[in-house]
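Engineer: Coordinates in query-v3.cif, mmCIF, C-alpha atoms, are listed below.
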```
data_coords
loop_
_atom_site.label_atom_id
_atom_site.label_comp_id
_atom_site.auth_asym_id
_atom_site.auth_seq_id
_atom_site.Cartn_x
_atom_site.Cartn_y
_atom_site.Cartn_z
CA MET A 291 0.00 0.00 0.00
CA ALA A 292 1.40 3.40 -0.97
CA ARG A 293 2.49 5.83 1.66
CA ARG A 294 0.75 9.14 2.07
CA GLU A 295 2.32 12.51 2.74
CA ARG A 296 1.03 14.60 5.60
CA VAL A 297 1.63 18.35 5.65
CA MET A 298 1.61 20.19 8.94
CA LYS A 299 1.33 23.95 8.62
CA MET A 300 2.11 26.00 11.67
CA SER A 301 1.52 29.74 11.83
CA VAL A 302 1.28 31.91 14.90
CA GLU A 303 0.11 34.71 12.60
CA LEU A 304 -3.34 33.29 11.94
CA PRO A 305 -4.78 34.58 15.25
CA LEU A 306 -3.24 37.98 14.49
CA TRP A 307 -4.98 38.14 11.12
CA ARG A 308 -8.31 37.20 12.69
CA ALA A 309 -7.84 39.85 15.36
CA LEU A 310 -6.95 42.43 12.71
CA ALA A 311 -10.11 41.66 10.73
CA GLY A 312 -12.22 42.14 13.83
CA TYR A 313 -10.34 45.31 14.73
CA ARG A 314 -11.00 46.85 11.31
CA VAL A 315 -14.75 46.22 11.54
CA LEU A 316 -15.06 47.51 15.10
CA THR A 317 -12.99 50.65 14.49
CA MET A 318 -14.95 51.40 11.32
CA LEU A 319 -18.19 51.23 13.30
CA TYR A 320 -16.62 53.37 16.03
CA ALA A 321 -15.61 56.06 13.51
CA VAL A 322 -19.10 56.11 11.97
CA GLY A 323 -20.75 56.22 15.39
CA PHE A 324 -18.52 59.03 16.60
CA PHE A 325 -19.35 61.04 13.47
CA ALA A 326 -23.08 60.47 14.02
CA THR A 327 -22.89 61.95 17.51
CA ALA A 328 -20.95 64.99 16.30
CA TYR A 329 -22.75 65.48 12.99
CA ASP A 330 -23.87 69.06 13.73
CA GLY A 331 -20.33 70.17 14.48
CA PHE A 332 -18.96 69.40 11.00
CA ALA A 333 -18.64 72.25 8.51
CA ARG A 334 -19.29 69.97 5.48
CA PRO A 335 -20.86 66.79 6.82
CA TRP A 336 -21.70 65.49 3.33
CA VAL A 337 -17.94 65.04 2.69
CA ALA A 338 -17.68 62.89 5.81
CA VAL A 339 -20.82 60.91 4.86
CA ALA A 340 -19.34 60.14 1.42
CA TYR A 341 -16.06 59.05 2.95
CA TYR A 342 -17.74 56.81 5.53
CA CYS A 343 -19.78 55.13 2.80
CA VAL A 344 -16.53 54.33 0.99
CA LEU A 345 -14.87 53.24 4.25
CA PHE A 346 -17.77 50.92 5.12
CA VAL A 347 -17.79 49.24 1.71
CA TRP A 348 -13.99 48.99 1.63
CA THR A 349 -13.76 47.46 5.12
CA VAL A 350 -16.44 44.84 4.50
CA ALA A 351 -15.28 43.99 0.96
CA THR A 352 -11.64 43.55 1.96
CA LEU A 353 -12.18 41.26 4.95
CA PRO A 354 -10.97 38.25 2.89
CA MET A 355 -7.80 40.21 2.11
CA VAL A 356 -6.85 40.35 5.80
CA SER A 357 -7.58 36.69 6.52
CA SER A 358 -4.01 35.52 5.88
CA ALA A 359 -0.60 36.70 4.73
CA ALA A 360 -1.05 35.09 1.33
CA SER A 361 -4.22 37.05 0.55
CA CYS A 362 -2.84 40.32 1.93
CA THR A 363 -0.95 41.49 -1.16
CA LYS A 364 1.29 44.52 -1.54
CA ARG A 365 -1.25 46.12 -3.88
CA PHE A 366 -3.96 45.78 -1.26
CA LEU A 367 -1.72 47.24 1.45
CA ALA A 368 -0.94 50.25 -0.71
CA ALA A 369 -4.63 50.82 -1.49
CA ASP A 370 -5.61 50.34 2.15
CA LEU A 371 -3.05 52.87 3.34
CA THR A 372 -4.24 55.29 0.66
CA VAL A 373 -7.80 55.05 2.01
CA ALA A 374 -6.55 55.86 5.50
CA LEU A 375 -4.34 58.78 4.42
CA THR A 376 -7.08 60.18 2.20
CA GLY A 377 -9.49 60.14 5.12
CA ILE A 378 -7.00 62.04 7.27
CA MET A 379 -6.57 64.76 4.66
CA LEU A 380 -10.33 64.97 3.98
CA THR A 381 -10.77 65.90 7.63
CA THR A 382 -9.54 69.40 6.77
CA VAL A 383 -12.37 69.67 4.23
CA ALA A 384 -15.19 68.09 6.24
CA ASP A 385 -14.43 69.60 9.65
CA SER A 386 -13.90 73.14 10.78
CA HIS A 387 -10.45 74.55 11.44
CA GLU A 388 -11.35 75.32 15.05
CA ARG A 389 -12.37 71.73 15.79
CA ILE A 390 -9.22 70.38 14.17
CA GLN A 391 -7.01 72.71 16.21
CA SER A 392 -8.84 71.80 19.40
CA GLY A 393 -7.91 68.16 18.95
CA GLY A 394 -10.84 66.74 17.01
CA PRO A 395 -10.29 63.26 15.58
CA THR A 396 -9.66 62.57 11.92
CA LEU A 397 -12.37 60.96 9.82
CA PRO A 398 -10.89 57.41 9.94
CA SER A 399 -9.92 57.93 13.57
CA ILE A 400 -8.35 54.76 15.06
CA TRP A 401 -9.23 52.74 11.93
CA THR A 402 -5.94 54.02 10.52
CA ALA A 403 -4.03 51.85 13.00
CA GLY A 404 -5.51 48.73 11.38
CA SER A 405 -3.92 49.65 8.06
CA VAL A 406 -0.54 50.10 9.74
CA LEU A 407 -0.88 46.82 11.63
CA ALA A 408 -1.55 45.00 8.36
CA PHE A 409 1.84 46.23 7.15
CA ALA A 410 3.43 45.02 10.40
CA ILE A 411 1.95 41.52 10.26
CA LYS A 412 2.68 41.10 6.57
CA GLY A 413 6.21 42.48 6.32
CA GLY A 414 7.64 42.89 9.80
CA TRP A 415 8.93 45.95 11.58
CA ARG A 416 10.46 47.62 8.51
CA TRP A 417 7.15 47.68 6.67
CA ALA A 418 5.47 48.86 9.88
CA ALA A 419 7.97 51.72 10.20
CA PHE A 420 7.24 52.83 6.62
CA ALA A 421 3.44 52.80 7.06
CA SER A 422 3.44 54.44 10.49
CA THR A 423 5.80 57.17 9.26
CA ALA A 424 3.47 57.94 6.37
CA VAL A 425 0.54 58.16 8.79
CA ALA A 426 2.55 60.37 11.15
CA VAL A 427 3.51 62.83 8.40
CA THR A 428 -0.08 63.00 7.13
CA ASN A 429 -1.41 63.64 10.64
CA LEU A 430 1.05 66.47 11.16
CA VAL A 431 0.12 68.02 7.82
CA GLU A 432 -3.60 67.73 8.67
CA ARG A 433 -3.15 69.35 12.07
CA GLY A 434 -0.80 72.02 10.76
CA THR A 435 1.17 72.20 14.00
CA PRO A 436 2.76 69.40 16.06
CA ALA A 437 0.25 69.51 18.91
CA ARG A 438 0.94 67.45 22.01
CA ASP A 439 -1.95 65.03 21.55
CA THR A 440 -1.09 64.51 17.87
CA VAL A 441 2.53 63.71 18.63
CA HIS A 442 1.42 61.38 21.42
CA ASN A 443 -0.92 59.42 19.11
CA VAL A 444 1.64 59.29 16.31
CA VAL A 445 4.38 57.96 18.57
CA LEU A 446 2.00 55.39 20.07
CA VAL A 447 1.04 54.00 16.65
CA TRP A 448 4.65 54.08 15.49
CA VAL A 449 6.02 52.19 18.51
CA ALA A 450 3.14 49.68 18.66
CA SER A 451 3.30 48.79 14.97
CA ILE A 452 7.08 48.36 14.96
CA ALA A 453 6.92 46.23 18.11
CA ILE A 454 4.25 43.97 16.59
CA GLY A 455 6.22 43.72 13.35
CA TYR A 456 9.32 42.68 15.27
CA VAL A 457 7.38 40.07 17.26
CA VAL A 458 6.00 38.62 14.01
CA GLU A 459 9.52 38.28 12.58
CA VAL A 460 10.73 36.52 15.74
CA ALA A 461 7.69 34.21 15.63
CA ARG A 462 8.41 33.29 12.02
CA ALA A 463 12.01 32.44 12.84
CA SER A 464 10.85 30.32 15.79
CA GLU A 465 8.35 28.49 13.59
CA ARG A 466 11.04 27.63 11.07
CA THR A 467 13.30 26.36 13.85
CA LEU A 468 10.48 24.26 15.31
CA ALA A 469 9.62 22.85 11.89
CA ARG A 470 13.25 21.86 11.39
CA ALA A 471 13.38 20.21 14.81
CA LEU A 472 10.18 18.23 14.14
CA GLU A 473 11.49 17.08 10.79
CA ILE A 474 14.79 15.97 12.30
CA GLU A 475 12.91 14.12 15.05
CA ALA A 476 10.76 12.34 12.47
CA ALA A 477 13.83 11.42 10.43
CA THR A 478 15.60 10.16 13.56
CA ARG A 479 12.69 7.94 14.53
CA GLU A 480 12.50 6.53 11.01
CA ARG A 481 16.25 5.85 11.04
CA GLU A 482 15.94 4.09 14.40
CA ARG A 483 13.10 1.93 13.10
CA LEU A 484 15.13 0.95 10.04
CA ALA A 485 18.14 0.29 12.26
CA ARG A 486 16.11 -2.12 14.38
CA ASP A 487 14.83 -3.99 11.34
CA ILE A 488 18.30 -4.17 9.79
CA HIS A 489 19.83 -5.33 13.05
CA ASP A 490 17.23 -8.09 13.40
CA SER A 491 17.86 -9.39 9.88
CA VAL A 492 20.78 -8.27 7.73
CA LEU A 493 23.34 -7.53 10.44
CA GLN A 494 22.63 -10.78 12.24
CA VAL A 495 23.14 -12.74 9.01
CA LEU A 496 26.36 -10.91 8.19
CA ALA A 497 27.70 -11.54 11.69
CA MET A 498 26.83 -15.24 11.40
CA VAL A 499 28.54 -15.49 7.99
CA GLN A 500 31.64 -13.83 9.41
CA ARG A 501 31.80 -16.24 12.36
CA ARG A 502 31.11 -19.37 10.31
CA GLY A 503 33.57 -18.34 7.62
CA ALA A 504 36.34 -17.92 10.16
CA VAL A 505 35.62 -21.40 11.55
CA ILE A 506 35.46 -23.15 8.15
CA GLY A 507 38.51 -21.39 6.71
CA GLY A 508 39.69 -21.30 3.10
CA GLU A 509 37.49 -19.40 0.68
CA ALA A 510 34.79 -19.27 3.31
CA ALA A 511 37.16 -17.25 5.51
CA GLU A 512 37.53 -14.65 2.75
CA LEU A 513 33.76 -14.56 2.37
CA GLY A 514 33.45 -14.12 6.11
CA ARG A 515 35.97 -11.26 6.05
CA LEU A 516 34.00 -9.48 3.33
CA ALA A 517 30.79 -10.02 5.27
CA GLY A 518 32.45 -8.51 8.33
CA GLU A 519 33.49 -5.43 6.36
CA GLN A 520 29.98 -4.97 5.03
CA GLU A 521 28.59 -5.41 8.53
CA VAL A 522 30.79 -2.61 9.86
CA ALA A 523 29.90 -0.33 6.93
CA LEU A 524 26.19 -1.00 7.35
CA ARG A 525 26.34 -0.38 11.10
CA MET A 526 28.01 2.99 10.49
CA LEU A 527 25.31 3.88 7.96
CA VAL A 528 22.32 3.02 10.13
CA SER A 529 23.84 4.61 13.23
CA GLY A 530 24.71 7.84 11.41
CA GLY A 531 21.98 8.28 8.85
CA LEU A 532 21.14 11.38 6.87
CA VAL A 533 19.28 14.49 7.97
CA PRO A 534 16.80 15.62 5.32
CA VAL A 535 16.88 19.09 3.83
CA SER A 536 14.42 21.31 5.64
CA ARG A 537 11.44 22.35 3.55
CA VAL A 538 9.51 25.52 4.36
CA SER A 539 6.88 27.44 2.48
CA GLN A 540 8.02 29.61 -0.39
CA ASP A 541 6.43 32.65 1.21
CA ALA A 542 7.87 33.04 4.69
CA ALA A 543 4.71 34.83 5.77
CA ASP A 544 2.76 31.59 5.33
CA GLY A 545 4.51 30.05 8.31
CA ALA A 546 6.63 26.93 8.49
CA VAL A 547 5.65 23.73 6.72
CA VAL A 548 6.76 20.23 7.68
CA TYR A 549 6.41 17.29 5.31
CA ALA A 550 6.13 13.94 7.02
CA VAL A 551 5.71 10.61 5.24
CA GLU A 552 3.42 8.29 7.10
CA GLU A 553 2.52 4.68 6.68
CA PRO A 554 -1.14 4.16 5.76
CA VAL A 555 -3.42 3.91 8.77
CA GLN A 556 -4.65 0.37 9.20
CA GLN A 557 -7.43 -0.96 11.32
CA PRO A 558 -5.78 -2.09 14.58
CA GLU A 559 -6.56 -5.51 15.97
CA VAL A 560 -5.65 -7.23 19.19
CA VAL A 561 -3.61 -10.39 19.41
CA ASP A 562 -2.61 -12.78 22.14
CA LEU A 563 1.00 -12.01 22.99
CA ARG A 564 1.53 -15.63 24.04
CA ALA A 565 1.04 -16.76 20.43
CA LEU A 566 3.86 -14.49 19.27
CA LEU A 567 6.22 -15.61 22.04
CA ALA A 568 5.51 -19.34 21.74
CA PRO A 569 7.94 -19.89 18.81
CA PHE A 570 10.82 -18.72 21.02
CA ALA A 571 10.33 -21.63 23.45
CA GLY A 572 12.65 -24.56 22.97
CA ALA A 573 15.06 -26.94 24.62
CA ARG A 574 17.07 -24.11 26.16
CA VAL A 575 14.38 -21.41 26.33
CA ASN A 576 11.60 -21.83 28.87
CA LEU A 577 8.39 -19.77 28.43
CA ALA A 578 6.15 -19.10 31.44
CA ASP A 579 2.93 -17.21 30.73
CA PRO A 580 -0.47 -16.66 32.39
CA GLY A 581 -3.25 -19.09 31.82
CA ALA A 582 -5.41 -16.39 30.18
CA ALA A 583 -4.78 -14.53 26.94
CA VAL A 584 -2.50 -11.49 27.08
CA LEU A 585 -4.17 -9.12 24.62
CA LEU A 586 -2.37 -6.18 23.03
CA PRO A 587 -2.85 -4.24 19.78
CA VAL A 588 -1.09 -6.02 16.92
CA PRO A 589 1.62 -3.34 16.37
CA ALA A 590 2.51 -3.21 20.07
CA ALA A 591 2.52 -7.00 20.43
CA ARG A 592 4.76 -7.43 17.37
CA GLU A 593 7.23 -4.84 18.58
CA LEU A 594 7.32 -6.38 22.05
CA ALA A 595 7.87 -9.85 20.56
CA ALA A 596 10.64 -8.47 18.34
CA ALA A 597 12.33 -6.96 21.41
CA VAL A 598 12.16 -10.37 23.15
CA GLY A 599 13.69 -11.94 20.03
CA ALA A 600 16.50 -9.39 20.07
CA ALA A 601 17.17 -10.16 23.74
CA LEU A 602 17.37 -13.89 22.94
CA ASP A 603 19.70 -13.15 20.01
CA ASN A 604 21.99 -11.42 22.47
CA VAL A 605 21.87 -14.48 24.73
CA ARG A 606 22.90 -16.77 21.87
CA GLY A 607 25.51 -14.36 20.57
CA HIS A 608 27.18 -13.47 23.88
CA ALA A 609 26.32 -16.20 26.36
CA GLY A 610 26.92 -19.09 23.96
CA ASP A 611 24.76 -21.84 22.47
CA ASP A 612 24.72 -23.74 25.74
CA ALA A 613 23.22 -20.88 27.76
CA ARG A 614 19.69 -21.28 29.04
CA ALA A 615 17.06 -18.54 28.99
CA TRP A 616 13.69 -17.99 30.66
CA ILE A 617 10.83 -15.84 29.43
CA LEU A 618 8.28 -14.73 32.03
CA VAL A 619 5.07 -12.97 30.89
CA GLU A 620 3.06 -11.00 33.47
CA ASP A 621 -0.32 -9.52 32.56
CA GLU A 622 -1.01 -6.74 35.05
CA PRO A 623 -4.09 -4.45 35.06
CA ASP A 624 -2.30 -1.44 33.55
CA ARG A 625 0.71 -2.97 31.83
CA VAL A 626 2.32 -6.08 30.38
CA VAL A 627 5.74 -7.08 31.68
CA VAL A 628 7.97 -9.56 29.88
CA THR A 629 11.21 -10.62 31.55
CA VAL A 630 14.03 -12.39 29.69
CA ARG A 631 16.69 -13.94 31.94
CA ASP A 632 19.70 -16.09 31.10
CA ASP A 633 22.40 -17.94 33.02
CA GLY A 634 25.29 -16.65 30.93
CA PRO A 635 28.44 -14.86 32.11
CA GLY A 636 26.73 -11.45 32.27
CA ILE A 637 27.72 -8.19 30.63
CA PRO A 638 30.94 -6.46 31.71
CA GLU A 639 30.49 -2.93 33.03
CA GLY A 640 30.67 -0.33 30.27
CA ARG A 641 30.24 -2.88 27.49
CA LEU A 642 26.83 -1.57 26.37
CA ALA A 643 28.08 1.99 25.98
CA GLN A 644 31.10 0.73 24.06
CA ALA A 645 28.91 -1.37 21.74
CA GLU A 646 26.62 1.57 21.03
CA GLY A 647 29.62 3.72 20.18
CA GLU A 648 30.76 1.05 17.72
CA GLY A 649 27.38 1.09 15.99
CA ARG A 650 26.12 -2.15 17.54
CA LEU A 651 22.52 -1.19 18.26
CA GLY A 652 21.08 -4.46 19.52
CA VAL A 653 20.19 -3.14 22.98
CA ALA A 654 19.95 0.57 22.15
CA GLN A 655 17.53 0.23 19.22
CA SER A 656 16.19 -3.32 18.89
CA ILE A 657 15.21 -3.42 22.55
CA ARG A 658 15.13 0.00 24.22
CA GLY A 659 14.16 1.86 21.05
CA ARG A 660 11.17 -0.38 20.47
CA LEU A 661 9.92 -0.06 24.03
CA ARG A 662 10.39 3.71 24.01
CA ASP A 663 8.24 4.01 20.88
CA LEU A 664 5.53 2.01 22.65
CA GLY A 665 5.64 4.35 25.63
CA GLY A 666 7.23 1.66 27.79
CA SER A 667 10.65 0.94 29.17
CA ALA A 668 13.42 -1.65 29.04
CA GLU A 669 15.48 -2.26 32.17
CA LEU A 670 18.64 -4.34 31.87
CA ILE A 671 20.27 -5.83 34.96
CA SER A 672 23.50 -7.79 34.59
CA THR A 673 25.98 -9.05 37.12
CA PRO A 674 29.24 -10.57 35.82
CA GLY A 675 29.11 -14.32 36.39
CA GLN A 676 25.38 -14.34 37.26
CA GLY A 677 23.66 -13.82 33.93
CA THR A 678 21.55 -11.00 32.53
CA GLU A 679 17.94 -10.00 33.06
CA VAL A 680 15.97 -7.75 30.69
CA GLU A 681 12.60 -6.45 31.89
CA LEU A 682 10.32 -5.10 29.15
CA THR A 683 7.30 -3.07 30.25
CA VAL A 684 4.49 -1.93 27.93
CA PRO A 685 1.62 0.22 29.28
CA LYS A 686 -1.81 -0.96 28.16
CA GLU A 687 -3.74 2.33 28.26
CA LYS A 688 -1.41 4.30 25.97
CA ASN A 689 -1.34 1.55 23.34
CA VAL A 690 -5.13 1.09 23.47
CA GLN A 691 -5.52 4.84 22.87
CA ARG A 692 -3.16 4.61 19.90
CA GLY A 693 -5.28 1.77 18.55
CA LYS A 694 -8.47 3.83 18.86
CA ALA A 695 -6.79 6.78 17.14
CA GLY A 696 -5.84 4.53 14.25
CA ARG A 697 -9.49 3.62 13.65
CA ARG A 698 -10.49 7.24 13.07
#
```
Turn this file's structure into structure tokens for me.

Structural biologist:
Amino acid sequence: MARRERVMKMSVELPLWRALAGYRVLTMLYAVGFFATAYDGFARPWVAVAYYCVLFVWTVATLPMVSSAASCTKRFLAADLTVALTGIMLTTVADSHERIQSGGPTLPSIWTAGSVLAFAIKGGWRWAAFASTAVAVTNLVERGTPARDTVHNVVLVWVASIAIGYVVEVARASERTLARALEIEAATRERERLARDIHDSVLQVLAMVQRRGAVIGGEAAELGRLAGEQEVALRMLVSGGLVPVSRVSQDAADGAVVYAVEEPVQQPEVVDLRALLAPFAGARVNLADPGAAVLLPVPAARELAAAVGAALDNVRGHAGDDARAWILVEDEPDRVVVTVRDDGPGIPEGRLAQAEGEGRLGVAQSIRGRLRDLGGSAELISTPGQGTEVELTVPKEKNVQRGKAGRR
């Protein structure tokens, strides 16, 4: 079955665009309402009425333009700023000189700030500085003199818009960093899964060919040497791996985009863990399990059985063919615990860390990696001369929830 590609799009800007759309509507209504209460004070109210009709239609018609960074084009921003600046200058025509000098508001009033904020969210603090400077100059020209309240309002809009623009730029950089981290994490998990599968199959075969070739000698010894070289090269490959090139949206304003390849979602089923562990029992491997079925979702049961198989491979590879092993299955209310114990010589202190550094991932990936992905744990206890015990714990609730999520 073909894989499917999932695209996760993250953007902290989306709430800002929604807030801006609401702000533009509310401030437009505020400006119209304020004009209605002061209608008699205007020298030419018909000029203001005409402008507010245009402002109302423009605000409502352009709501889709301020829904996202992609729809908010440069042409729209320029037109929107023109509407705001035109309203400021029309104040000198619609209102009396005395009211303007006494601190009367401009026709667009605080609606102008919405136009500046659109520049800030779209292009960052530099665009915000340009738009707020244009608004500041127009306000000073409309007032004629740099009155205290005018300067105060201009500075407030200037500082607020630049601050918001800077925050948006920082948020975009953080989104790209997060997207990169998520992609690296996904690639790491995929590499670990492949490493487990390779260790359980190819590397084990290569190691066996190397050992048997050395024992047989002759041409088989040369074949074993080549197998050993390929084993080392393959271990280095799966332990190192490649980090994919980060992919983000072409327009940085759209936010970061992460592409993740997923396996197709299959209907989860439960299986009796005892049936998967039964093939491991033999003359030198004793299996002790409960009398009742130990039910787990199929993926979790298979991974747990594979971890038990990896532990038994380690027993055969390091404790010798004569070593005995015991598998104990415990079905507890909230978890399943499988213990693998052997009577071999044990593991010398520091050997596991050394093996992982050499690219031998039997314990690190085939056992601990599998249990970590299941939300469980793998505890390894070894005393030189007294054998080794591996305790594998899988929580039931978390894996049942994963199974339910897979059915959706």

Engineer: Which residue is closest to Val337 (chain A)? Choose from A:Asp370, A:Ala583, A:Leu397, A:Val322 and count all atoms listed in the file.

Structural biologist: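 Selected residue with least distance to Val337 (chain A): A:Leu397.
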
Engineer: A:Leu319, A:Leu380, A:Val373, A:Met355: which is nearest Ala338 (chain A), counting all atoms listed in the file?

Structural biologist: A:Leu380

Engineer: Using all atoms listed in the file for the distances, tell me which of A:Ile400, A:Leu407, A:Leu618, A:Ala333 is nearest to Cys362 (chain A).

Structural biologist: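 Among A:Ile400, A:Leu407, A:Leu618, A:Ala333, it is A:Leu407 that comes nearest to Cys362 (chain A).
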
Engineer: Which of these, A:Val598, A:Thr629, A:Gly634, A:Thr423, has the shortest distance to Asp612 (chain A) once you count only C-alpha atoms?

Structural biologist: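 Of the candidates, the smallest distance to Asp612 (chain A) is held by A:Gly634.
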
Engineer: Provide the CA of Ser464 (chain A) to CA of Thr363 (chain A) distance in Å, to one decimal place.

Structural biologist: 23.5 Å

Engineer: Out of A:Trp616, A:Trp401, A:Phe420, A:Phe366, which residue has the shortest atom-to-atom distance to Val575 (chain A) when counting only C-alpha atoms?

Structural biologist: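 Using only C-alpha atoms, the shortest distance to Val575 (chain A) belongs to A:Trp616.
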
Engineer: Quick one: which residues end up in the PyMOL selection byres ((chain A and resi 606-608) around 10) for this structure, as a VMD selection string?

Structural biologist: chain A and resid 494 497 to 498 600 to 605 609 to 615 632 634 to 637

Engineer: Could you state the separation of CA of Leu567 (chain A) and CA of Gly599 (chain A) in Å, given to one decimal place?

Structural biologist: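 According to the coordinates, CA of Leu567 (chain A) and CA of Gly599 (chain A) are separated by 8.6 Å.
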
Engineer: In Å to one decimal, how far is CA of Arg479 (chain A) from CA of Val619 (chain A)?

Structural biologist: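 Separating CA of Val619 (chain A) from CA of Arg479 (chain A) is a distance of 27.6 Å.
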
Engineer: Neighbours of region 663-669 of chain A within 10 Å (all atoms listed in the file; same-chain residues fewer than 4 positions away dropped), as a ChimeraX atom specification?

Structural biologist: /A:479,483,589-591,593-594,597,625-629,653-654,657-659,679-689,692

Engineer: Using C-alpha atoms, can you write the selected residues to a file as a PDB file, in the coordinates of the input?

Structural biologist:
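The resulting file, selection-v1.pdb, is reproduced below:
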```pdb
ATOM      1  CA  ARG A 479      12.690   7.940  14.530  1.00  0.00           C
ATOM      2  CA  ARG A 483      13.100   1.930  13.100  1.00  0.00           C
ATOM      3  CA  PRO A 589       1.620  -3.340  16.370  1.00  0.00           C
ATOM      4  CA  ALA A 590       2.510  -3.210  20.070  1.00  0.00           C
ATOM      5  CA  ALA A 591       2.520  -7.000  20.430  1.00  0.00           C
ATOM      6  CA  GLU A 593       7.230  -4.840  18.580  1.00  0.00           C
ATOM      7  CA  LEU A 594       7.320  -6.380  22.050  1.00  0.00           C
ATOM      8  CA  ALA A 597      12.330  -6.960  21.410  1.00  0.00           C
ATOM      9  CA  ARG A 625       0.710  -2.970  31.830  1.00  0.00           C
ATOM     10  CA  VAL A 626       2.320  -6.080  30.380  1.00  0.00           C
ATOM     11  CA  VAL A 627       5.740  -7.080  31.680  1.00  0.00           C
ATOM     12  CA  VAL A 628       7.970  -9.560  29.880  1.00  0.00           C
ATOM     13  CA  THR A 629      11.210 -10.620  31.550  1.00  0.00           C
ATOM     14  CA  VAL A 653      20.190  -3.140  22.980  1.00  0.00           C
ATOM     15  CA  ALA A 654      19.950   0.570  22.150  1.00  0.00           C
ATOM     16  CA  ILE A 657      15.210  -3.420  22.550  1.00  0.00           C
ATOM     17  CA  ARG A 658      15.130   0.000  24.220  1.00  0.00           C
ATOM     18  CA  GLY A 659      14.160   1.860  21.050  1.00  0.00           C
ATOM     19  CA  GLU A 679      17.940 -10.000  33.060  1.00  0.00           C
ATOM     20  CA  VAL A 680      15.970  -7.750  30.690  1.00  0.00           C
ATOM     21  CA  GLU A 681      12.600  -6.450  31.890  1.00  0.00           C
ATOM     22  CA  LEU A 682      10.320  -5.100  29.150  1.00  0.00           C
ATOM     23  CA  THR A 683       7.300  -3.070  30.250  1.00  0.00           C
ATOM     24  CA  VAL A 684       4.490  -1.930  27.930  1.00  0.00           C
ATOM     25  CA  PRO A 685       1.620   0.220  29.280  1.00  0.00           C
ATOM     26  CA  LYS A 686      -1.810  -0.960  28.160  1.00  0.00           C
ATOM     27  CA  GLU A 687      -3.740   2.330  28.260  1.00  0.00           C
ATOM     28  CA  LYS A 688      -1.410   4.300  25.970  1.00  0.00           C
ATOM     29  CA  ASN A 689      -1.340   1.550  23.340  1.00  0.00           C
ATOM     30  CA  ARG A 692      -3.160   4.610  19.900  1.00  0.00           C
TER      31      ARG A 692
END
```

Engineer: Between A:Pro395, A:Gly572, A:Gly414, A:Gly455, which residue has the minimum interatomic distance to Phe325 (chain A), considering only C-alpha atoms?

Structural biologist: A:Pro395

Engineer: Evaluate the PyMOL selection byres ((chain A and resi 347-351) around 10) here and jot the selected residues down as a PDB file with C-alpha atoms, in the coordinates of the input.

Structural biologist:
```pdb
ATOM      1  CA  ALA A 311     -10.110  41.660  10.730  1.00  0.00           C
ATOM      2  CA  ARG A 314     -11.000  46.850  11.310  1.00  0.00           C
ATOM      3  CA  VAL A 315     -14.750  46.220  11.540  1.00  0.00           C
ATOM      4  CA  THR A 317     -12.990  50.650  14.490  1.00  0.00           C
ATOM      5  CA  MET A 318     -14.950  51.400  11.320  1.00  0.00           C
ATOM      6  CA  TYR A 342     -17.740  56.810   5.530  1.00  0.00           C
ATOM      7  CA  CYS A 343     -19.780  55.130   2.800  1.00  0.00           C
ATOM      8  CA  VAL A 344     -16.530  54.330   0.990  1.00  0.00           C
ATOM      9  CA  LEU A 345     -14.870  53.240   4.250  1.00  0.00           C
ATOM     10  CA  PHE A 346     -17.770  50.920   5.120  1.00  0.00           C
ATOM     11  CA  THR A 352     -11.640  43.550   1.960  1.00  0.00           C
ATOM     12  CA  LEU A 353     -12.180  41.260   4.950  1.00  0.00           C
ATOM     13  CA  PRO A 354     -10.970  38.250   2.890  1.00  0.00           C
ATOM     14  CA  MET A 355      -7.800  40.210   2.110  1.00  0.00           C
ATOM     15  CA  VAL A 356      -6.850  40.350   5.800  1.00  0.00           C
ATOM     16  CA  ASP A 370      -5.610  50.340   2.150  1.00  0.00           C
ATOM     17  CA  VAL A 373      -7.800  55.050   2.010  1.00  0.00           C
ATOM     18  CA  TRP A 401      -9.230  52.740  11.930  1.00  0.00           C
TER      19      TRP A 401
END
```

Engineer: For the PyMOL selection byres ((chain A and resi 385) around 9), applied here, can you spell out every residue it catches as a list in words?

Structural biologist: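 Applying the expression gives Gly331, Phe332, Ala333, Arg334, Pro335, Ala338, Leu380, Thr381, Thr382, Val383, Ala384, Ser386, His387, Glu388, Arg389, Ile390, Gly394, Thr396 and Leu397 of chain A.
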
Engineer: Applying 6 Å and only C-alpha atoms, which residues near region 584-588 of chain A remain after dropping the ones on its own chain fewer than 6 positions away? List them as a VMD selection string.

Structural biologist: chain A and resid 559 to 563

Engineer: Would you mind exporting C-alpha atoms of the selected residues as a compact mmCIF listing (two decimals), keeping the file's coordinate frame?

Structural biologist:
```
# COMPACT_ATOMS: atom_id res chain seq x y z
CA GLU A 559 -6.56 -5.51 15.97
CA VAL A 560 -5.65 -7.23 19.19
CA VAL A 561 -3.61 -10.39 19.41
CA ASP A 562 -2.61 -12.78 22.14
CA LEU A 563 1.00 -12.01 22.99
```

Engineer: With only C-alpha atoms as the counted atoms, please give the residues lying no more than 10 Å from Leu375 (chain A), apart from itself and same-chain residues fewer than 3 positions off, as a list in words.

Structural biologist: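 Residues near the query, excluding close chain neighbours: Ala369, Asp370, Leu371, Thr372, Ile378, Met379, Leu380, Thr396, Leu397, Pro398, Thr402, Ser405, Ala424, Val425, Ala426, Val427, Thr428, Asn429 and Glu432 of chain A.
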
Engineer: Excluding region 304-306 of chain A and its own-chain neighbours fewer than 6 positions away, which residues fall within 9 Å of it when counting all atoms listed in the file? Please give them as a PDB file with C-alpha atoms, in the frame of the given file.

Structural biologist:
```pdb
ATOM      1  CA  SER A 357      -7.580  36.690   6.520  1.00  0.00           C
ATOM      2  CA  SER A 358      -4.010  35.520   5.880  1.00  0.00           C
ATOM      3  CA  ALA A 359      -0.600  36.700   4.730  1.00  0.00           C
ATOM      4  CA  ILE A 411       1.950  41.520  10.260  1.00  0.00           C
TER       5      ILE A 411
END
```
